[in-house]
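Colleague: Sending over final.txt (compact mmCIF, C-alpha atoms).
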```txt
# COMPACT_ATOMS: atom_id res chain seq x y z
CA MET A 1 -43.90 -42.23 4.02
CA SER A 2 -46.86 -44.54 3.15
CA GLY A 3 -46.66 -45.90 6.73
CA ARG A 4 -48.05 -42.64 8.04
CA LYS A 5 -51.07 -42.79 5.75
CA VAL A 6 -51.91 -46.24 7.03
CA LYS A 7 -51.59 -45.04 10.60
CA LEU A 8 -53.87 -42.07 9.99
CA GLU A 9 -56.59 -44.32 8.63
CA GLN A 10 -56.28 -46.69 11.59
CA GLN A 11 -56.25 -44.01 14.26
CA ASP A 12 -58.93 -41.67 12.90
CA ASP A 13 -60.30 -41.06 16.42
CA HIS A 14 -56.91 -39.67 17.54
CA LEU A 15 -55.12 -36.54 16.46
CA ASP A 16 -51.82 -37.80 15.09
CA LEU A 17 -49.10 -35.49 16.41
CA VAL A 18 -46.23 -37.43 14.89
CA PRO A 19 -45.92 -35.38 11.65
CA LEU A 20 -46.06 -32.22 13.73
CA ILE A 21 -43.27 -33.48 15.99
CA ASP A 22 -41.26 -34.42 12.89
CA CYS A 23 -41.62 -30.95 11.44
CA VAL A 24 -40.75 -29.29 14.72
CA PHE A 25 -37.61 -31.39 15.04
CA LEU A 26 -36.59 -30.58 11.50
CA LEU A 27 -37.14 -26.87 12.04
CA LEU A 28 -35.25 -27.01 15.31
CA LEU A 29 -32.35 -28.73 13.63
CA PHE A 30 -32.40 -26.26 10.76
CA PHE A 31 -32.24 -23.22 13.02
CA MET A 32 -29.59 -24.75 15.26
CA ILE A 33 -27.35 -25.37 12.26
CA CYS A 34 -28.02 -22.00 10.65
CA GLY A 35 -27.34 -20.24 13.95
CA ARG A 36 -23.93 -21.87 14.12
CA LEU A 37 -23.11 -20.98 10.54
CA SER A 38 -23.90 -17.31 10.95
CA THR A 39 -21.14 -16.94 13.55
CA ASP A 40 -18.61 -18.86 11.49
CA GLN A 41 -16.28 -16.39 9.80
CA ARG A 42 -15.40 -18.75 6.94
CA THR A 43 -18.83 -19.53 5.55
CA GLU A 44 -18.57 -17.56 2.33
CA GLN A 45 -17.97 -19.75 -0.70
CA ILE A 46 -14.65 -18.16 -1.51
CA SER A 47 -12.20 -19.79 -3.85
CA VAL A 48 -8.82 -18.72 -2.50
CA PRO A 49 -5.73 -18.66 -4.74
CA PRO A 50 -3.22 -21.53 -4.81
CA THR A 51 0.28 -21.07 -3.37
CA LYS A 52 3.29 -23.25 -2.64
CA THR A 53 4.58 -21.86 0.67
CA ALA A 54 1.26 -21.78 2.52
CA VAL A 55 1.22 -23.24 6.01
CA LYS A 56 -1.62 -24.45 8.15
CA PHE A 57 -2.49 -22.01 10.89
CA ASP A 58 -2.09 -23.69 14.21
CA GLU A 59 -4.90 -22.32 16.36
CA SER A 60 -3.45 -23.94 19.48
CA LYS A 61 -0.12 -22.11 19.08
CA ALA A 62 -1.61 -18.78 18.08
CA LYS A 63 -2.03 -16.78 21.23
CA TRP A 64 -2.81 -13.62 19.33
CA ARG A 65 -6.29 -12.62 18.41
CA ARG A 66 -7.25 -13.50 14.84
CA GLU A 67 -9.66 -11.45 12.79
CA ILE A 68 -10.82 -12.66 9.40
CA ILE A 69 -11.72 -10.23 6.63
CA ASN A 70 -13.57 -11.92 3.78
CA VAL A 71 -13.29 -10.05 0.47
CA PHE A 72 -15.44 -11.22 -2.41
CA GLY A 73 -17.92 -10.19 -5.05
CA ALA A 74 -18.12 -9.45 -8.75
CA THR A 75 -15.29 -6.99 -8.80
CA GLN A 76 -14.00 -7.57 -12.30
CA GLY A 77 -15.61 -4.97 -14.53
CA GLY A 78 -19.37 -5.23 -14.68
CA ASP A 79 -21.81 -2.37 -14.45
CA PRO A 80 -21.16 -1.19 -11.84
CA PRO A 81 -18.41 -3.41 -10.41
CA LYS A 82 -18.98 -4.07 -6.73
CA HIS A 83 -17.37 -5.95 -3.91
CA THR A 84 -18.23 -7.07 -0.40
CA ILE A 85 -16.08 -6.97 2.71
CA ARG A 86 -17.07 -9.01 5.71
CA ILE A 87 -15.41 -8.89 9.12
CA GLY A 88 -16.79 -11.16 11.81
CA THR A 89 -20.49 -11.28 11.10
CA THR A 90 -20.71 -7.75 9.74
CA GLN A 91 -20.80 -7.24 6.02
CA PHE A 92 -20.30 -4.11 3.91
CA THR A 93 -20.88 -3.86 0.17
CA ALA A 94 -19.43 -1.17 -2.06
CA LYS A 95 -21.21 -0.27 -5.29
CA GLY A 96 -18.06 0.41 -7.30
CA PRO A 97 -14.47 1.66 -7.25
CA GLU A 98 -15.58 5.16 -6.25
CA ASP A 99 -17.72 3.98 -3.32
CA TYR A 100 -15.48 4.01 -0.22
CA SER A 101 -18.25 3.32 2.31
CA ALA A 102 -17.20 -0.31 2.83
CA TYR A 103 -13.64 0.80 3.68
CA GLN A 104 -14.95 3.44 6.10
CA ASN A 105 -17.17 0.92 7.87
CA LEU A 106 -14.32 -1.59 8.00
CA ARG A 107 -12.04 1.03 9.57
CA ALA A 108 -14.65 1.86 12.24
CA LYS A 109 -14.78 -1.82 13.15
CA LEU A 110 -10.97 -2.08 13.17
CA ASP A 111 -10.67 0.93 15.48
CA LYS A 112 -12.82 -0.88 18.03
CA ILE A 113 -10.72 -4.05 17.74
CA TYR A 114 -7.52 -1.98 18.14
CA ASP A 115 -8.82 -0.33 21.30
CA GLU A 116 -9.77 -3.69 22.81
CA SER A 117 -6.48 -5.44 21.97
CA GLU A 118 -3.26 -5.88 23.85
CA LYS A 119 -0.41 -3.86 22.25
CA TYR A 120 3.35 -4.17 21.80
CA ASP A 121 6.02 -1.67 20.77
CA ASP A 122 7.01 -1.75 17.11
CA PRO A 123 10.39 -3.58 16.98
CA LYS A 124 11.47 -1.11 14.28
CA ALA A 125 11.51 1.65 16.92
CA THR A 126 8.90 3.81 15.23
CA GLN A 127 7.20 4.37 18.61
CA MET A 128 4.05 2.90 17.16
CA LYS A 129 1.90 0.67 19.33
CA LEU A 130 0.94 -2.42 17.38
CA PRO A 131 -1.95 -4.66 18.36
CA LYS A 132 -1.40 -8.36 19.05
CA VAL A 133 -3.85 -9.22 16.32
CA ILE A 134 -3.33 -11.23 13.15
CA VAL A 135 -5.65 -10.02 10.43
CA GLU A 136 -6.39 -12.73 7.91
CA ILE A 137 -7.42 -11.49 4.49
CA ARG A 138 -9.54 -14.20 2.92
CA ALA A 139 -9.97 -12.89 -0.59
CA ASP A 140 -11.48 -14.65 -3.57
CA ALA A 141 -8.88 -15.50 -6.24
CA ASN A 142 -10.72 -13.35 -8.78
CA THR A 143 -11.23 -10.33 -6.57
CA GLU A 144 -9.55 -7.31 -8.10
CA PHE A 145 -6.06 -6.60 -6.82
CA ARG A 146 -7.22 -3.04 -6.18
CA VAL A 147 -9.69 -4.12 -3.52
CA VAL A 148 -7.30 -6.41 -1.64
CA GLN A 149 -4.57 -3.79 -1.68
CA GLU A 150 -6.95 -1.06 -0.53
CA VAL A 151 -8.06 -3.26 2.36
CA GLN A 152 -4.36 -3.39 3.33
CA GLN A 153 -4.25 0.42 3.12
CA VAL A 154 -7.26 0.62 5.40
CA LEU A 155 -5.37 -1.61 7.85
CA THR A 156 -2.37 0.75 7.95
CA ASP A 157 -4.65 3.61 9.06
CA GLY A 158 -2.49 5.99 7.01
CA PHE A 159 -5.17 6.80 4.45
CA ASP A 160 -7.96 9.33 4.31
CA LEU A 161 -10.90 7.07 3.51
CA THR A 162 -12.93 9.82 1.87
CA THR A 163 -10.34 10.26 -0.90
CA MET A 164 -8.21 7.06 -0.60
CA GLN A 165 -5.13 9.27 -0.49
CA PRO A 166 -2.49 9.32 2.29
CA LYS A 167 -3.59 11.41 5.28
CA LYS A 168 -2.03 14.87 5.20
CA GLY A 169 0.11 15.83 8.21
CA PHE A 170 -0.59 12.48 9.78
CA ASP A 171 1.62 11.32 12.65
CA PRO A 172 1.90 7.52 12.35
CA LYS A 173 2.41 7.30 16.13
CA GLN A 174 -1.19 8.42 16.55
CA GLY A 175 -2.54 5.80 14.16
CA LYS A 176 -4.15 2.45 14.85
CA PRO A 177 -2.35 0.21 12.38
CA PHE A 178 -2.65 -3.54 11.94
CA VAL A 179 0.54 -4.88 10.36
CA ASN A 180 0.49 -8.63 10.96
CA LEU A 181 -1.37 -10.20 8.08
CA ASP A 182 -2.17 -13.65 6.82
CA PHE A 183 -3.47 -14.19 3.31
CA THR A 184 -5.76 -17.18 3.08
CA THR A 185 -4.70 -19.59 0.42
CA ARG A 186 -4.53 -23.30 -0.34
CA LYS A 187 -1.74 -25.66 -1.31
CA HIS A 188 -1.20 -25.71 -5.06
CA ASN A 189 -0.71 -29.47 -5.16
CA GLU A 190 -3.50 -30.47 -2.80
CA LYS A 191 -5.75 -33.12 -4.30
CA MET B 1 -38.78 -41.07 18.75
CA ALA B 2 -42.51 -40.82 19.29
CA HIS B 3 -43.10 -42.90 16.17
CA GLY B 4 -41.67 -46.07 17.61
CA ALA B 5 -43.94 -46.30 20.65
CA ALA B 6 -47.09 -45.48 18.68
CA GLY B 7 -46.27 -47.76 15.75
CA ASP B 8 -45.48 -50.92 17.77
CA GLY B 9 -48.94 -51.21 19.24
CA VAL B 10 -50.84 -50.53 16.01
CA ASP B 11 -49.16 -52.88 13.57
CA ALA B 12 -48.03 -55.85 15.66
CA GLY B 13 -47.48 -58.04 12.58
CA ARG B 14 -45.63 -55.52 10.44
CA LEU B 15 -42.28 -53.84 10.73
CA ASP B 16 -42.86 -50.13 11.19
CA LEU B 17 -40.25 -48.37 9.06
CA VAL B 18 -41.36 -44.84 9.90
CA PRO B 19 -38.98 -44.27 12.88
CA MET B 20 -36.09 -45.54 10.84
CA ILE B 21 -36.95 -43.28 7.93
CA ASP B 22 -37.20 -40.35 10.31
CA CYS B 23 -33.80 -41.07 11.80
CA ILE B 24 -32.24 -41.48 8.39
CA MET B 25 -33.70 -38.21 7.19
CA LEU B 26 -32.37 -36.40 10.25
CA LEU B 27 -28.91 -37.94 9.86
CA LEU B 28 -28.92 -37.11 6.17
CA ILE B 29 -29.77 -33.49 6.86
CA PHE B 30 -27.11 -33.33 9.57
CA PHE B 31 -24.38 -34.60 7.27
CA VAL B 32 -25.49 -32.52 4.28
CA MET B 33 -25.30 -29.40 6.40
CA THR B 34 -22.05 -30.12 8.19
CA THR B 35 -19.88 -31.78 5.57
CA LYS B 36 -17.38 -29.44 3.96
CA PHE B 37 -16.22 -30.33 0.49
CA SER B 38 -13.94 -27.34 0.13
CA THR B 39 -10.20 -27.82 0.44
CA GLU B 40 -8.52 -27.07 3.70
CA GLU B 41 -7.47 -23.46 3.86
CA LYS B 42 -3.97 -22.41 4.77
CA ALA B 43 -2.24 -19.06 5.09
CA ILE B 44 0.79 -17.17 3.95
CA SER B 45 2.03 -14.46 6.30
CA SER B 46 2.86 -10.87 5.50
CA LEU B 47 4.07 -7.89 7.49
CA LEU B 48 3.03 -4.40 6.48
CA PRO B 49 5.95 -1.95 6.73
CA THR B 50 5.89 0.62 9.52
CA ASP B 51 9.20 2.34 8.81
CA LYS B 52 8.93 3.18 5.14
CA GLY B 53 6.53 4.45 2.53
CA GLN B 54 3.40 6.42 3.18
CA SER B 55 2.83 5.37 6.77
CA GLY B 56 6.43 5.72 7.92
CA PRO B 57 8.74 8.64 8.63
CA GLY B 58 9.77 9.00 5.00
CA LYS B 59 12.82 6.88 4.23
CA ALA B 60 11.38 5.67 0.94
CA LYS B 61 14.04 7.37 -1.21
CA ASP B 62 16.89 5.40 0.42
CA ILE B 63 15.40 2.03 -0.41
CA LYS B 64 16.61 -0.05 -3.35
CA MET B 65 13.86 -2.15 -4.80
CA VAL B 66 13.28 -5.07 -7.10
CA ASN B 67 10.05 -4.45 -8.98
CA ILE B 68 7.78 -7.25 -10.10
CA CYS B 69 5.28 -5.94 -12.65
CA ILE B 70 2.04 -7.73 -13.54
CA TYR B 71 -0.21 -6.48 -16.33
CA PRO B 72 -2.54 -7.80 -19.04
CA ALA B 73 -0.89 -9.76 -21.83
CA SER B 74 -1.34 -8.58 -25.38
CA PRO B 75 0.94 -7.71 -28.30
CA ARG B 76 0.19 -4.04 -27.63
CA MET B 77 0.88 -4.23 -23.91
CA VAL B 78 4.58 -3.55 -24.43
CA LYS B 79 6.72 -0.46 -24.16
CA GLY B 80 6.40 2.25 -26.75
CA TYR B 81 2.73 3.20 -26.68
CA GLN B 82 0.88 6.11 -25.14
CA PRO B 83 -1.49 5.83 -22.13
CA SER B 84 -4.52 6.35 -24.37
CA GLU B 85 -3.42 3.42 -26.53
CA TYR B 86 -3.08 1.17 -23.49
CA ALA B 87 -6.55 2.28 -22.37
CA ALA B 88 -7.97 1.41 -25.79
CA GLU B 89 -6.27 -2.00 -25.73
CA LEU B 90 -7.60 -2.67 -22.26
CA LYS B 91 -11.10 -1.86 -23.43
CA LYS B 92 -10.66 -4.38 -26.22
CA LEU B 93 -9.36 -7.06 -23.84
CA THR B 94 -12.30 -6.61 -21.46
CA ASN B 95 -14.81 -6.54 -24.34
CA ASN B 96 -15.60 -2.87 -23.78
CA ASN B 97 -15.54 -3.17 -19.97
CA SER B 98 -18.31 -5.75 -20.04
CA GLY B 99 -16.94 -7.56 -17.00
CA LEU B 100 -14.83 -9.99 -18.99
CA VAL B 101 -12.03 -11.26 -16.75
CA ILE B 102 -8.51 -10.92 -18.14
CA GLU B 103 -6.91 -14.34 -17.86
CA ASP B 104 -3.62 -13.90 -19.72
CA VAL B 105 -1.11 -11.71 -17.95
CA TYR B 106 2.55 -10.80 -18.22
CA MET B 107 4.82 -10.99 -15.19
CA ARG B 108 8.16 -9.24 -15.38
CA VAL B 109 11.05 -8.55 -13.00
CA GLY B 110 12.67 -5.15 -13.54
CA GLN B 111 13.43 -4.74 -17.22
CA ARG B 112 13.81 -8.45 -17.94
CA GLU B 113 11.76 -10.39 -20.46
CA PRO B 114 8.27 -11.14 -19.10
CA ILE B 115 6.61 -14.53 -18.90
CA GLN B 116 3.00 -15.02 -19.85
CA ILE B 117 0.75 -16.64 -17.25
CA ASN B 118 -2.47 -18.41 -18.13
CA GLY B 119 -4.88 -17.56 -15.31
CA LYS B 120 -7.45 -20.09 -16.53
CA VAL B 121 -5.33 -23.00 -15.28
CA LEU B 122 -4.97 -21.53 -11.80
CA THR B 123 -8.02 -23.35 -10.52
CA LYS B 124 -8.19 -26.61 -8.59
CA LYS B 125 -9.96 -28.53 -11.34
CA GLU B 126 -6.91 -28.08 -13.59
CA GLY B 127 -4.86 -30.32 -11.26
CA GLU B 128 -1.40 -30.97 -12.64
CA ARG B 129 -1.61 -28.10 -15.12
CA MET B 130 -2.14 -25.69 -12.24
CA VAL B 131 0.78 -27.17 -10.30
CA ALA B 132 2.98 -26.81 -13.38
CA GLU B 133 1.94 -23.19 -13.91
CA VAL B 134 2.66 -22.26 -10.28
CA GLU B 135 6.05 -24.01 -10.49
CA ARG B 136 6.85 -22.14 -13.71
CA VAL B 137 6.18 -18.78 -12.05
CA HIS B 138 8.34 -19.80 -9.08
CA GLN B 139 11.15 -20.89 -11.36
CA TYR B 140 11.05 -17.65 -13.34
CA LEU B 141 10.97 -15.35 -10.31
CA GLY B 142 13.61 -17.43 -8.49
CA ASP B 143 15.98 -17.21 -11.47
CA GLU B 144 15.43 -13.48 -11.83
CA LEU B 145 15.77 -12.68 -8.13
CA LYS B 146 19.15 -14.46 -8.07
CA LYS B 147 20.43 -11.72 -10.39
CA PHE B 148 19.61 -9.06 -7.79
CA GLU B 149 21.32 -10.77 -4.84
CA ASN B 150 23.49 -8.64 -2.56
CA ALA B 151 26.14 -11.20 -1.68
CA GLY B 152 26.93 -11.53 2.00
CA GLU B 153 23.96 -9.50 3.17
CA PRO B 154 21.38 -11.09 5.49
CA ARG B 155 17.93 -11.68 4.06
CA ASN B 156 16.37 -8.64 5.72
CA LYS B 157 19.06 -6.41 4.15
CA GLN B 158 18.43 -7.62 0.61
CA ASN B 159 16.69 -5.19 -1.73
CA ASP B 160 13.00 -4.84 -0.99
CA VAL B 161 10.67 -6.54 -3.43
CA VAL B 162 7.65 -4.54 -4.54
CA ILE B 163 4.83 -6.17 -6.51
CA HIS B 164 3.13 -3.79 -8.94
CA CYS B 165 -0.07 -5.32 -10.25
CA TYR B 166 -2.54 -3.60 -12.55
CA SER B 167 -5.46 -2.76 -10.27
CA GLY B 168 -8.10 -4.46 -12.43
CA LEU B 169 -6.39 -7.87 -12.51
CA SER B 170 -7.26 -10.75 -10.23
CA TRP B 171 -5.66 -10.92 -6.80
CA LYS B 172 -4.34 -14.43 -7.54
CA TYR B 173 -1.53 -13.14 -9.76
CA ALA B 174 -0.14 -10.81 -7.12
CA LEU B 175 -0.35 -13.51 -4.47
CA ILE B 176 1.46 -16.06 -6.63
CA ALA B 177 4.28 -13.54 -7.13
CA TYR B 178 4.40 -12.99 -3.37
CA ASP B 179 4.43 -16.74 -2.80
CA ALA B 180 7.30 -17.20 -5.28
CA VAL B 181 9.43 -14.56 -3.53
CA ARG B 182 8.78 -16.14 -0.14
CA ASN B 183 9.68 -19.54 -1.56
CA TYR B 184 12.91 -18.13 -2.97
CA GLU B 185 13.72 -16.60 0.41
CA GLY B 186 13.07 -19.91 2.15
CA GLN B 187 15.49 -21.68 -0.20
CA ASN B 188 18.17 -19.03 0.31
CA THR B 189 18.24 -18.93 4.04
CA ALA B 190 21.51 -20.50 5.14
CA ASP B 191 20.44 -21.49 8.65
CA GLY B 192 17.61 -23.61 7.34
CA PHE B 193 14.95 -21.14 8.37
CA LYS B 194 11.52 -22.59 7.81
CA TRP B 195 8.35 -20.64 7.57
CA THR B 196 6.07 -21.53 10.44
CA GLY B 197 3.46 -18.90 9.80
CA ASP B 198 4.32 -16.66 12.74
CA PRO B 199 4.16 -13.09 11.40
CA ARG B 200 6.97 -11.92 13.71
CA GLU B 201 9.41 -14.10 11.78
CA LEU B 202 9.01 -11.67 8.93
CA ASP B 203 11.08 -9.07 10.79
CA GLN B 204 14.09 -11.26 9.95
CA ALA B 205 13.03 -11.77 6.36
CA ARG B 206 13.25 -9.71 3.23
CA SER B 207 10.60 -7.04 2.82
CA VAL B 208 8.02 -7.95 0.16
CA ASN B 209 5.14 -5.57 -0.38
CA PHE B 210 2.32 -4.79 -2.77
CA ALA B 211 2.43 -1.37 -4.38
CA PRO B 212 -0.69 0.77 -3.89
CA PRO B 213 -3.07 0.61 -6.84
CA ARG B 214 -2.33 3.56 -9.10
CA ILE B 215 -6.00 3.97 -9.97
CA ARG B 216 -6.20 6.52 -7.13
CA ASN B 217 -3.56 8.76 -8.72
CA TYR B 218 -5.64 9.42 -11.80
CA ASP B 219 -9.03 10.45 -12.98
CA LYS B 220 -11.25 7.49 -13.94
CA ASN B 221 -10.82 8.51 -17.59
CA GLU B 222 -7.05 8.16 -17.37
CA LEU B 223 -6.74 4.46 -16.64
CA GLY B 224 -4.19 4.03 -19.43
CA ASN B 225 -1.72 5.94 -17.24
CA GLU B 226 -1.69 3.15 -14.71
CA LEU B 227 -0.78 0.62 -17.37
CA TYR B 228 1.77 2.99 -18.86
CA GLU B 229 3.53 3.29 -15.48
CA ILE B 230 3.61 -0.43 -14.82
CA ILE B 231 4.71 -1.38 -18.34
CA HIS B 232 7.51 1.20 -18.32
CA MET B 233 8.68 0.49 -14.77
CA LYS B 234 12.36 -0.39 -14.34
```
Represent the structure from my file as structure tokens, please.

Modeller:
Amino acid sequence: MSGRKVKLEQQDDHLDLVPLIDCVFLLLLFFMICGRLSTDQRTEQISVPPTKTAVKFDESKAKWRREIINVFGATQGGDPPKHTIRIGTTQFTAKGPEDYSAYQNLRAKLDKIYDESEKYDDPKATQMKLPKVIVEIRADANTEFRVVQEVQQVLTDGFDLTTMQPKKGFDPKQGKPFVNLDFTTRKHNEK
Amino acid sequence: MAHGAAGDGVDAGRLDLVPMIDCIMLLLIFFVMTTKFSTEEKAISSLLPTDKGQSGPGKAKDIKMVNICIYPASPRMVKGYQPSEYAAELKKLTNNNSGLVIEDVYMRVGQREPIQINGKVLTKKEGERMVAEVERVHQYLGDELKKFENAGEPRNKQNDVVIHCYSGLSWKYALIAYDAVRNYEGQNTADGFKWTGDPRELDQARSVNFAPPRIRNYDKNELGNELYEIIHMK
């Protein structure tokens, strides 16, 4: 950068705009990149568990809508243990096992996705209408099993999210379930 | 950029390095921000049941199941103790609920002998040790599931597999069990069925599900009950 100093001394009758232009370009680049990252659903530094049967999702073949739910946070013990759920660019954090607000917010978001999606009849003849949506649960390897399983319960829409107990007198035909899941993982022998 | 034009006229006898440095800095920033060092992510498919259990019309009693139980490993995490004793042992293992992660777990099929899994090696940096540990779990579950085969039945008529994991353990243990069952199913499909990742294929496959966390069935002071149920499960 000593070149600039020399130039400043030589051109003291001019206002040197070059450093300003440099800074502007850098800032522009920074915001362009950050803007892109904020819409990327896989930005969280999540270490997913290893598995043997995992397959690469072929985006070109997948005609169904794909929604990614990131699940992460210090959920193992702690005081209080907490976890974060992120769907799309919206993020919800729960303060502990007894805080169901993140599940409630997630369900509200899922209801909207269900309403927008194309549906098909459940092949098991339950008369349920299932959305053509694959929900990918991208959970950190060390997230508590409780949280990942409760996210699955939220997806079934069969649970009262104020008590985390099955809904009483609930007719599944009236629900908005998501049943097609993918768990994000990585190959166990990948170098 | 603007540097080049300004610099050429000022220092005719010297090579102006400023534009080059600028470009290099910009390229450096670009690559630092866009390069991903994480491993490529893949997926393993699952289908939540619509015709059984809590969200279905109540056929749960007719279903025969193979239970895979996963719980913390310790000499006192065996049958024969009371829920309060399991709770006390758990407290010890987590250093009085200080957030210590339990890394040694037992995995058991039905009432068979469990294997102990070392969760510390289930990270990428462990390399071959991790591969060996995953293979060991697959071998164990494959051998045990063979004993529950219903000969002649198609895969989707085999007994359902339910994974019961202690709610405070890491998700990775439950997923490895799920992976091992799916691998076993892939090996036992006569027509050479290969998993392509399409969730609809799971309608033709054996049902494998995760049991709801029992933490919701009890008061927060009764966590030993959850362990008691899983350890004594048949």

Colleague: What's around segment 155-160 of chain B at 8 Å? Count all atoms listed in the file, leave out sequence neighbours fewer than 3 positions away in its own chain, and write the answer as a PDB file with C-alpha atoms, keeping the file's coordinate frame.

Modeller:
```pdb
ATOM      1  CA  ILE B  63      15.400   2.030  -0.410  1.00  0.00           C
ATOM      2  CA  LYS B  64      16.610  -0.050  -3.350  1.00  0.00           C
ATOM      3  CA  MET B  65      13.860  -2.150  -4.800  1.00  0.00           C
ATOM      4  CA  VAL B  66      13.280  -5.070  -7.100  1.00  0.00           C
ATOM      5  CA  PHE B 148      19.610  -9.060  -7.790  1.00  0.00           C
ATOM      6  CA  GLU B 149      21.320 -10.770  -4.840  1.00  0.00           C
ATOM      7  CA  ASN B 150      23.490  -8.640  -2.560  1.00  0.00           C
ATOM      8  CA  GLU B 185      13.720 -16.600   0.410  1.00  0.00           C
ATOM      9  CA  THR B 189      18.240 -18.930   4.040  1.00  0.00           C
ATOM     10  CA  ASP B 203      11.080  -9.070  10.790  1.00  0.00           C
ATOM     11  CA  GLN B 204      14.090 -11.260   9.950  1.00  0.00           C
ATOM     12  CA  ALA B 205      13.030 -11.770   6.360  1.00  0.00           C
ATOM     13  CA  ARG B 206      13.250  -9.710   3.230  1.00  0.00           C
ATOM     14  CA  SER B 207      10.600  -7.040   2.820  1.00  0.00           C
ATOM     15  CA  VAL B 208       8.020  -7.950   0.160  1.00  0.00           C
ATOM     16  CA  ASN B 209       5.140  -5.570  -0.380  1.00  0.00           C
TER      17      ASN B 209
END
```

Colleague: Please find the residues of chain A near chain B - the criterion being any atom within 6 Å, counting only C-alpha atoms - and write them as a PDB file with C-alpha atoms, keeping the file's coordinate frame.

Modeller:
```
ATOM      1  CA  PRO A  49      -5.730 -18.660  -4.740  1.00  0.00           C
ATOM      2  CA  ALA A  54       1.260 -21.780   2.520  1.00  0.00           C
ATOM      3  CA  VAL A  55       1.220 -23.240   6.010  1.00  0.00           C
ATOM      4  CA  LYS A  56      -1.620 -24.450   8.150  1.00  0.00           C
ATOM      5  CA  GLN A  76     -14.000  -7.570 -12.300  1.00  0.00           C
ATOM      6  CA  GLY A  77     -15.610  -4.970 -14.530  1.00  0.00           C
ATOM      7  CA  GLY A  78     -19.370  -5.230 -14.680  1.00  0.00           C
ATOM      8  CA  ALA A 141      -8.880 -15.500  -6.240  1.00  0.00           C
ATOM      9  CA  ASN A 142     -10.720 -13.350  -8.780  1.00  0.00           C
ATOM     10  CA  THR A 143     -11.230 -10.330  -6.570  1.00  0.00           C
ATOM     11  CA  GLU A 144      -9.550  -7.310  -8.100  1.00  0.00           C
ATOM     12  CA  PHE A 145      -6.060  -6.600  -6.820  1.00  0.00           C
ATOM     13  CA  ARG A 146      -7.220  -3.040  -6.180  1.00  0.00           C
ATOM     14  CA  GLY A 158      -2.490   5.990   7.010  1.00  0.00           C
ATOM     15  CA  VAL A 179       0.540  -4.880  10.360  1.00  0.00           C
ATOM     16  CA  ASN A 180       0.490  -8.630  10.960  1.00  0.00           C
ATOM     17  CA  LEU A 181      -1.370 -10.200   8.080  1.00  0.00           C
ATOM     18  CA  ASP A 182      -2.170 -13.650   6.820  1.00  0.00           C
ATOM     19  CA  PHE A 183      -3.470 -14.190   3.310  1.00  0.00           C
ATOM     20  CA  THR A 184      -5.760 -17.180   3.080  1.00  0.00           C
ATOM     21  CA  THR A 185      -4.700 -19.590   0.420  1.00  0.00           C
ATOM     22  CA  ARG A 186      -4.530 -23.300  -0.340  1.00  0.00           C
ATOM     23  CA  HIS A 188      -1.200 -25.710  -5.060  1.00  0.00           C
ATOM     24  CA  ASN A 189      -0.710 -29.470  -5.160  1.00  0.00           C
TER      25      ASN A 189
END
```

Colleague: I need the residue nearest Asp140 of chain A from this list: A:Leu26, A:Phe72, A:Asp16, A:Trp64. Use all atoms listed in the file for the distance.

Modeller: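 Closest to Asp140 of chain A, using all atoms listed in the file: A:Phe72.
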